[in-house]
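The block underneath contains the structure these notes are about, expressed in structure tokens.
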Amino acid sequence: MAGAGSDFYTRHWRLLVALAWVLTSAVLVYHRWGAVSWFALGDTDDNMRIMQVRALLAGQDWYDMRQYRLDPPGGANIHWSRIVDLPLAGMMLLLRPIFGGPLAEKIAVTIAPLLPMVIAMGAVAVTSRRLLSPKAWVLGVVFLLCAHSARGMWAPLRIDHHGWQLAMLALAVAALADQRKARGGVTLGLSTAVSLSIGLEMLVFLALAGAALALMWVYDEKQGRRLASYGASLAGGCALGYLLFTSYDNRLPVCDALSPVWLSAMAAAGAVAVLLAFLPLSSQLARLAAAAGLGALIIGGFALAWPHCLGRLEGVSPELQDLWLENVREARPIYTHNLRTIVAVISLPIAGLIGYGAMLWRLRRRGADLIPWSALATIALAAAAMLLWQSRAGAPAQLLAVPGAAALGWLLMRWMLGLRLMPLRVLGVVGTFVLVSGLAAQNLVQLVPEKQPKRIQRVNRANGTCPTLAALKPVAQQPKGYVLTFLDLNPRLIAVTHHHGVAGPYHRNQAAIIELMKTWRGSAENARRTIARRGIDYVLICPSLSESTIYSAEAPNGFYAQLAKGEVPAWLDPIALPADSPYKMWRVRR
């Protein structure tokens with residue numbers, strides 16, 4: 001019976017992964033049901049995504065990604081592509097005639113984020129089977145679901161593009177572990193192309209994957225088929241992605257999207273990969289020299305052709321960096337966060353790196369088996385290191401750590417299962433799981449007292465209350481107008497009311513963001529000039545919202561601080577809101 005069960009477990013792993021996805025999806029929907037009911041899109045990008053989809057369905061040009069409800073009349077320049085809009089728009093079109101618009105949207109924003117999760121789960125299962133054992137797929141899937149930051153990107157309402165990029169990164173990892181050379185190369189090339197067509201957030205990791213594949217060829221010339229298929233699919237996939245999804249604004253030589261800048265770079269990289277694969281080079285040294293020389297040629301050509309893209313891809317000015325980006329929480333290093341956040345983010349990557357180290361040591365004399373582990377370990381180490389720069393690298397760092405964590409769990413569990421006493425075997429397996437998954441560390445840190453000052457409690461309360469439908473309903477009931485409010489509140493404002501806003505947290509709109517930052521920090525007279533120039537109708541604040549604390553701290557006598565203290569200029573007339581409203585709102589007197 002045990003043998004039959006094990007055989008079923010191994011042979012029908014695809015079905016079991018699908019069932020795991022269904023069960024996980026059900027649990028996530030259950031936990032998020034209240035938020036779904038209230039259409040509580042919590043992130044600025046989620047609110048902006050639904051606005052982009054609505055605009056598309058309302059007839060906005062496929063290649064026009066501008067958001068005209070922000071910074072009118074020209075609109076806000078959004079650097080995204082339509083790829084992630086497709087499942088949302090498709091479901092909304094299909095469901096509207098049956099359920100009506102609002103319910104169709106709720107269903108779409110619930111289901112759409114779950115779709116890339118099944119891709120990632122399948123890819124992780126495949127990777128674990130290829131590198132460890134046909135039975136090890138469950139460890140990869142379980143540890144992926146324990147990846148706090150990554151799992152959050154696939155939760156209902158999380159309709160931003162990061163979930164799809166993580167799924168493509170998982171496919172890239174599986175490609176590096178693929179024994180079938182041509183299939184592995186095509187998988188890596190196409191997953192890279194799709195990810196870059198969505199956005200450039202995973203560029204560093206995908207570039208390292210491509211470099212690892214080239215080094216595979218350097219070590220073994222029989223990897224030429226893998227390298228050639230990768231190069232052709234990368235160049236062709238990026239060209240197709242550019243033709244189908246690149247917006248009008250992204251056709252300029254911009255650095256933060258699949259523009260002519262990165263299309264030319266990927267086309268050159270793909271061509272070089274194909275060329276290398278067909279060069280008759282018999283020695284490893286010759287192949288290494290050819291790869292290094294042509295790689296340096298690509299880098300040099302990129303630097304000469306696109307020197308403006310050699311720095312930060314966002315290309316923000318020092319003024320915008322100082323006024324805005326320095327205060328963005330996810331753009332800060334992981335060590336600047338509280339202890340619970342640090343542990344939740346880094347526990348799995350640490351376990352993964354230990355697992356990679358163990359496998360590299362075990363396979364140190366088996367070159368062919370060592371290569372994929374070396375490639376994945378290098379990329380995972382790079383992702384973990386990036387946490388010291390920006391905590392937003394947490395999700396890819398956790399995903400890339402999963403194969404290493406699965407290896408560590410597999411090695412430890414095999415040893416535990418060899419123990420003679422049943423209680424020790426059971427306790428050992430359970431203990432291995434809670435240690436490697438990070439659950440032990442995350443639960444232990446909860447025991448550390450963490451007192452929140454009343455100021456932080458007020459901020460958390462405002463952050464939870466201000467974006468809600470109930471709080472914004474009285475605002476929505478005012479006649480349609482142009483509203484001056486906080487940068488991070490604008491996407492939510494336009495998503496659930498009929499009003500327009502000045503700017504959202506999207507770096508290409510530097511002039512509007514800087515103007516908004518200076519308006520809240522500057523004098524009332526400066527604010528009046530901005531309001532008159534833009535034709536703004538309303539001023540709206542939510543005291544104690546996270547963003548507002550920056551204005552209070554940096555400009556205690558600025559326009560926001562004055563309003564929060566009740567020092568309202570005569571050219572603003574108060575609007576009566578419910579007594580329990582977290583907002584204060586004024587109409588501009590003409």
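Chain labels A, B, ... are given in the sequence in which chains occur in the structure tokens; within each chain residues are numbered consecutively from 1, and ligands are likewise numbered from 1 in the order shown.
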
Could you pull out all residues of segment 370-515 of chain A with a DSSP call of helix (DSSP H, G or I) and give them as a VMD selection string? chain A and resid 370 to 386 391 to 417 422 to 436 439 to 445 454 to 465 469 to 476 490 to 496 510 to 515

Hey, what's within 12 Å of Ala527 of chain A if we count only C-alpha atoms and toss same-chain stuff fewer than 3 positions away? As a VMD selection string, please? chain A and resid 484 to 485 515 to 524 530 to 536 539 558 to 560 562 to 563 568 to 569 571 to 572 588

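Residues in contact range of segment 61-69 of chain A, defined as at most 7 Å between only C-alpha atoms, with sequence neighbours fewer than 4 positions away removed, read Gln52, Leu56, Pro73, Gly74, Gly75, Ala76, Asn77, Ile78, Phe245, Thr246, Ser247, Tyr248, Ile494, His500 and Gly501 of chain A.
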
Residue selection dump (N, CA and C atoms) as an mmCIF file, in the first residue's frame:
```cif
data_model
loop_
_atom_site.group_PDB
_atom_site.id
_atom_site.type_symbol
_atom_site.label_atom_id
_atom_site.label_comp_id
_atom_site.auth_asym_id
_atom_site.auth_seq_id
_atom_site.Cartn_x
_atom_site.Cartn_y
_atom_site.Cartn_z
ATOM 1 N N GLN A 52 -6.771 51.546 -15.383
ATOM 2 C CA GLN A 52 -6.269 51.302 -16.731
ATOM 3 C C GLN A 52 -7.188 50.341 -17.492
ATOM 4 N N LEU A 56 -9.452 51.083 -20.845
ATOM 5 C CA LEU A 56 -9.373 50.245 -22.044
ATOM 6 C C LEU A 56 -10.758 49.797 -22.487
ATOM 7 N N PRO A 73 -5.095 68.293 -18.368
ATOM 8 C CA PRO A 73 -5.759 67.440 -19.366
ATOM 9 C C PRO A 73 -4.829 66.428 -20.040
ATOM 10 N N GLY A 74 -3.505 66.595 -19.883
ATOM 11 C CA GLY A 74 -2.582 65.717 -20.605
ATOM 12 C C GLY A 74 -2.517 64.311 -20.063
ATOM 13 N N GLY A 75 -2.853 64.140 -18.780
ATOM 14 C CA GLY A 75 -2.842 62.814 -18.178
ATOM 15 C C GLY A 75 -1.479 62.424 -17.623
ATOM 16 N N ALA A 76 -1.490 61.431 -16.740
ATOM 17 C CA ALA A 76 -0.272 60.912 -16.130
ATOM 18 C C ALA A 76 0.348 59.843 -17.030
ATOM 19 N N ASN A 77 1.654 59.916 -17.188
ATOM 20 C CA ASN A 77 2.403 58.974 -18.019
ATOM 21 C C ASN A 77 2.703 57.721 -17.192
ATOM 22 N N ILE A 78 2.028 56.611 -17.523
ATOM 23 C CA ILE A 78 2.206 55.349 -16.802
ATOM 24 C C ILE A 78 3.035 54.415 -17.673
ATOM 25 N N PHE A 245 2.675 45.218 -27.291
ATOM 26 C CA PHE A 245 2.314 45.790 -26.000
ATOM 27 C C PHE A 245 2.999 47.108 -25.652
ATOM 28 N N THR A 246 3.965 47.549 -26.410
ATOM 29 C CA THR A 246 4.667 48.777 -26.040
ATOM 30 C C THR A 246 3.807 49.991 -26.341
ATOM 31 N N SER A 247 3.601 50.820 -25.333
ATOM 32 C CA SER A 247 2.732 51.994 -25.477
ATOM 33 C C SER A 247 3.424 53.083 -26.288
ATOM 34 N N TYR A 248 2.640 54.089 -26.640
ATOM 35 C CA TYR A 248 3.199 55.221 -27.391
ATOM 36 C C TYR A 248 4.339 55.873 -26.612
ATOM 37 N N ILE A 494 -9.431 58.305 -7.531
ATOM 38 C CA ILE A 494 -10.013 58.233 -8.880
ATOM 39 C C ILE A 494 -10.656 56.872 -9.136
ATOM 40 N N HIS A 500 -11.081 64.011 -10.172
ATOM 41 C CA HIS A 500 -9.746 63.966 -10.761
ATOM 42 C C HIS A 500 -8.710 64.306 -9.683
ATOM 43 N N GLY A 501 -7.469 63.872 -9.909
ATOM 44 C CA GLY A 501 -6.392 64.156 -8.967
ATOM 45 C C GLY A 501 -5.180 64.732 -9.666
#
```

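Using only C-alpha atoms, the protein and nucleic acid residues lying no more than 12 Å from Leu281 of chain A, apart from those fewer than 5 places from it along its own chain, are Trp217, Val218, Tyr219, Asp220, Glu221, Lys222, Gly224, Leu275, Leu276, Ala286, Arg287, Leu288, Ala289, Ala290 and Ala291 of chain A.
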
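If you look at atom CA of Ala407 of chain A and atom CA of Ala358 of chain A, they are 8.2 Å away from each other.
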
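Each of A:Arg329, A:Leu493, A:Gly438, A:Gln510 was checked against Ile346 of chain A using only C-alpha atoms; the smallest atom-to-atom distance is that of A:Gly438.
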